[in-house]
Structures are given as structure tokens and as C-alpha cells.
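S.K.: Got a structure for you, questions after.
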Amino acid sequence: VKILAGHAIVPVTFNNSVTANLMVDTGASRTMVSKRVARDLRLSSMGSGTGYGVGGPVSLSIARVESVKVGQVEIQNMPVSIHDFSPDPSFEGLLGVDFLGRFHMSLDSAKQVMVLMPR
């Protein structure tokens, strides 16, 4: 885990092929990836929707990934939102509660370590 400007950033591997840095966001209901990540994964949109964040409503696409892996833990067959929400190149999406909620999570920012234990 890297701590940047008070945010925890973790490397996340999708479909065992594409890795991107995502911000840990316990306020995000669904994991979100940038359009670049979606393009590299060749994701097909299953539909569109509206997401709500601090900046208000945004239009986004929804797709399904085969797997989402953080460290040694992995969730399979998970929907993700696709949206470019941040101009900050240090992260390309949000790791949301749809993934995090399946684990007991602890974060040690001083040691820059996140531990995920299955519920």
C-alpha cells in the first residue's frame, strides 16, 4: 500500500493480466476502473448507469471482470464501473465495498500495509 495525500493506493490485478493502482474507498459501493484499464482488459459494457460522488452525479458504464486480485485475495466474476473521474495519474480507479466488504480489513498507514482476511 502507498499512502498518497492521505489516501491508500493499492495495486489491483484484473483478469490475471492488467494491474492498476486503485484508491481504497470504503464509501464507494462499486469498484471503478478508468477507461484505459477497461480498454486494456477489452471489457464490454453491460449497460450504463449513474454514479453519485462528492462532485455529484456522473454517467458511467458497467462491465464484468473475471477476477479482481489484491495481494493474495481474489474475487471472481465481479461487476465494475468504468469512468475517468480523476486527473491524478497515481491511481486509475476506486477499490469499493463490493470487494472490500467481503473481508475484514486493517490498514497500517505507518507501515504502509493493508491486511485482508476472509469474513
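For the C-alpha cells, the naming scheme is as follows: chains receive sequential letters (A, B, ...) according to their order of presentation, residues are indexed from 1 within each chain, and ligands are indexed from 1 in presentation order.
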So that I can check the surroundings of region 15-28 of chain A, please list as a short mmCIF file (atom, residue, chain, number, x, y, z; two decimals) with N, CA and C atoms, in the first residue's frame every protein, DNA and RNA residue that reaches within 8 Å of it, counting only C-alpha atoms and ignoring chain neighbours fewer than 4 positions away.
M.R.:
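Result file around18.cif:
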```cif
data_model
loop_
_atom_site.label_atom_id
_atom_site.label_comp_id
_atom_site.auth_asym_id
_atom_site.auth_seq_id
_atom_site.Cartn_x
_atom_site.Cartn_y
_atom_site.Cartn_z
N HIS A 7 -4.50 9.16 1.18
CA HIS A 7 -5.28 8.10 0.54
C HIS A 7 -4.44 6.84 0.42
N ALA A 8 -5.06 5.69 0.67
CA ALA A 8 -4.39 4.41 0.49
C ALA A 8 -4.55 3.97 -0.96
N ILE A 9 -3.43 3.72 -1.63
CA ILE A 9 -3.42 3.30 -3.03
C ILE A 9 -2.84 1.88 -3.08
N VAL A 10 -3.58 0.96 -3.71
CA VAL A 10 -3.14 -0.43 -3.77
C VAL A 10 -3.09 -0.92 -5.22
N PRO A 11 -2.12 -1.79 -5.54
CA PRO A 11 -2.11 -2.40 -6.87
C PRO A 11 -3.17 -3.50 -6.93
N VAL A 33 -13.02 1.45 -12.48
CA VAL A 33 -11.75 1.50 -13.20
C VAL A 33 -11.82 2.58 -14.27
N VAL A 37 -7.94 1.29 -18.29
CA VAL A 37 -7.93 -0.07 -17.74
C VAL A 37 -8.98 -0.92 -18.46
N ASP A 40 -7.70 -1.77 -21.90
CA ASP A 40 -6.64 -2.79 -21.86
C ASP A 40 -7.20 -4.18 -21.56
N LEU A 41 -8.29 -4.23 -20.78
CA LEU A 41 -8.95 -5.50 -20.46
C LEU A 41 -9.94 -5.95 -21.54
N VAL A 65 -15.74 -8.23 -14.81
CA VAL A 65 -14.40 -8.77 -14.93
C VAL A 65 -14.38 -10.20 -14.40
N GLU A 66 -13.50 -11.00 -14.93
CA GLU A 66 -13.38 -12.40 -14.50
C GLU A 66 -12.82 -12.49 -13.09
N SER A 67 -11.85 -11.61 -12.77
CA SER A 67 -11.26 -11.67 -11.43
C SER A 67 -10.68 -10.33 -11.03
N VAL A 68 -10.71 -10.08 -9.72
CA VAL A 68 -10.11 -8.90 -9.10
C VAL A 68 -9.22 -9.43 -7.98
N LYS A 69 -7.92 -9.11 -8.05
CA LYS A 69 -6.98 -9.67 -7.08
C LYS A 69 -6.18 -8.55 -6.43
N SER A 90 -1.65 8.92 -10.43
CA SER A 90 -1.13 7.96 -9.45
C SER A 90 -2.13 6.85 -9.12
N PHE A 91 -3.40 7.03 -9.53
CA PHE A 91 -4.37 5.94 -9.38
C PHE A 91 -5.41 6.02 -10.50
N GLU A 92 -5.94 4.85 -10.86
CA GLU A 92 -6.85 4.74 -12.00
C GLU A 92 -8.17 4.10 -11.65
N GLY A 93 -8.66 4.41 -10.47
CA GLY A 93 -9.96 3.88 -10.08
C GLY A 93 -10.10 3.79 -8.58
N LEU A 94 -11.20 3.17 -8.17
CA LEU A 94 -11.53 3.02 -6.75
C LEU A 94 -11.76 1.55 -6.44
N LEU A 95 -11.20 1.08 -5.34
CA LEU A 95 -11.48 -0.25 -4.83
C LEU A 95 -12.60 -0.09 -3.83
N GLY A 96 -13.80 -0.55 -4.19
CA GLY A 96 -15.00 -0.28 -3.42
C GLY A 96 -15.42 -1.38 -2.46
N VAL A 97 -16.56 -1.14 -1.82
CA VAL A 97 -17.10 -2.04 -0.80
C VAL A 97 -17.54 -3.38 -1.41
N LEU A 100 -14.09 -4.90 -0.91
CA LEU A 100 -13.60 -4.78 0.48
C LEU A 100 -14.55 -5.39 1.50
#
```
S.K.: Among chain A, which residues carry a DSSP assignment of strand (DSSP E or B), reported as a PyMOL selection string?
M.R.: chain A and resi 2-4+7-14+18-24+32-33+47-53+56-70+73-82+93-95+103-108+113-118
S.K.: So, with only C-alpha atoms as the atoms that count, which of A:Val58, A:Ala63, A:Met105, A:Val73 lies closest to Arg39 (chain A)?
M.R.: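 For Arg39 (chain A), the nearest of the given residues is A:Ala63.
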S.K.: Nearest to Thr13 (chain A) among A:Gly55, A:Gln72, A:Ser61, A:Ser48, with distances taken over only C-alpha atoms: which residue is it?
M.R.: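 Using only C-alpha atoms, Thr13 (chain A) sits closest to A:Gln72.
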S.K.: As number ranges by chain, please: every residue in chain A that DSSP puts in alpha helix (DSSP H).
M.R.: A: 35-41, 97-100
S.K.: So that I can see what lies close to Ser59 (chain A), please list as a PDB file with C-alpha atoms, in the first residue's frame the residues with an atom at most 12 Å from it, counting only C-alpha atoms and leaving out residues fewer than 3 positions away in the same chain.
M.R.:
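That gives us part01.pdb:
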```pdb
ATOM      1  CA  GLY A  47     -25.098  -1.223 -19.635  1.00  0.00           C
ATOM      2  CA  SER A  48     -24.824   2.248 -18.237  1.00  0.00           C
ATOM      3  CA  GLY A  49     -25.847   3.986 -15.089  1.00  0.00           C
ATOM      4  CA  THR A  50     -25.398   6.985 -12.883  1.00  0.00           C
ATOM      5  CA  GLY A  51     -22.893   7.107 -10.063  1.00  0.00           C
ATOM      6  CA  TYR A  52     -23.007   9.582  -7.204  1.00  0.00           C
ATOM      7  CA  GLY A  53     -19.927  11.017  -5.560  1.00  0.00           C
ATOM      8  CA  GLY A  56     -22.446  14.965  -7.884  1.00  0.00           C
ATOM      9  CA  ILE A  62     -20.839  -1.176 -16.206  1.00  0.00           C
ATOM     10  CA  SER A  81     -17.970   0.684 -13.124  1.00  0.00           C
ATOM     11  CA  ILE A  82     -15.988   2.408 -15.860  1.00  0.00           C
ATOM     12  CA  HIS A  83     -15.356   6.131 -15.549  1.00  0.00           C
ATOM     13  CA  ASP A  84     -12.425   8.548 -15.744  1.00  0.00           C
ATOM     14  CA  PHE A  85     -13.007  10.549 -12.578  1.00  0.00           C
TER      15      PHE A  85
END
```
S.K.: Quick one: residues within 12 Å of Ala110 (chain A), only C-alpha atoms, excluding same-chain residues fewer than 4 positions away - as a PyMOL selection string?
M.R.: chain A and resi 1-3+6+8+114
S.K.: Using the selection just defined, write its residues with N, CA and C atoms as a compact mmCIF listing (two decimals), in the first residue's frame.
M.R.:
```txt
# COMPACT_ATOMS: atom_id res chain seq x y z
N VAL A 1 0.85 -1.18 0.00
CA VAL A 1 0.00 0.00 0.00
C VAL A 1 0.89 1.23 0.00
N LYS A 2 0.52 2.21 -0.81
CA LYS A 2 1.18 3.51 -0.77
C LYS A 2 0.19 4.50 -0.19
N ILE A 3 0.64 5.37 0.67
CA ILE A 3 -0.20 6.43 1.21
C ILE A 3 0.18 7.71 0.48
N GLY A 6 -2.90 11.24 2.04
CA GLY A 6 -3.90 10.71 2.96
C GLY A 6 -4.77 9.61 2.39
N ALA A 8 -5.06 5.69 0.67
CA ALA A 8 -4.39 4.41 0.49
C ALA A 8 -4.55 3.97 -0.96
N MET A 114 -1.76 -3.22 4.13
CA MET A 114 -3.17 -3.50 4.27
C MET A 114 -3.33 -5.00 4.38
```
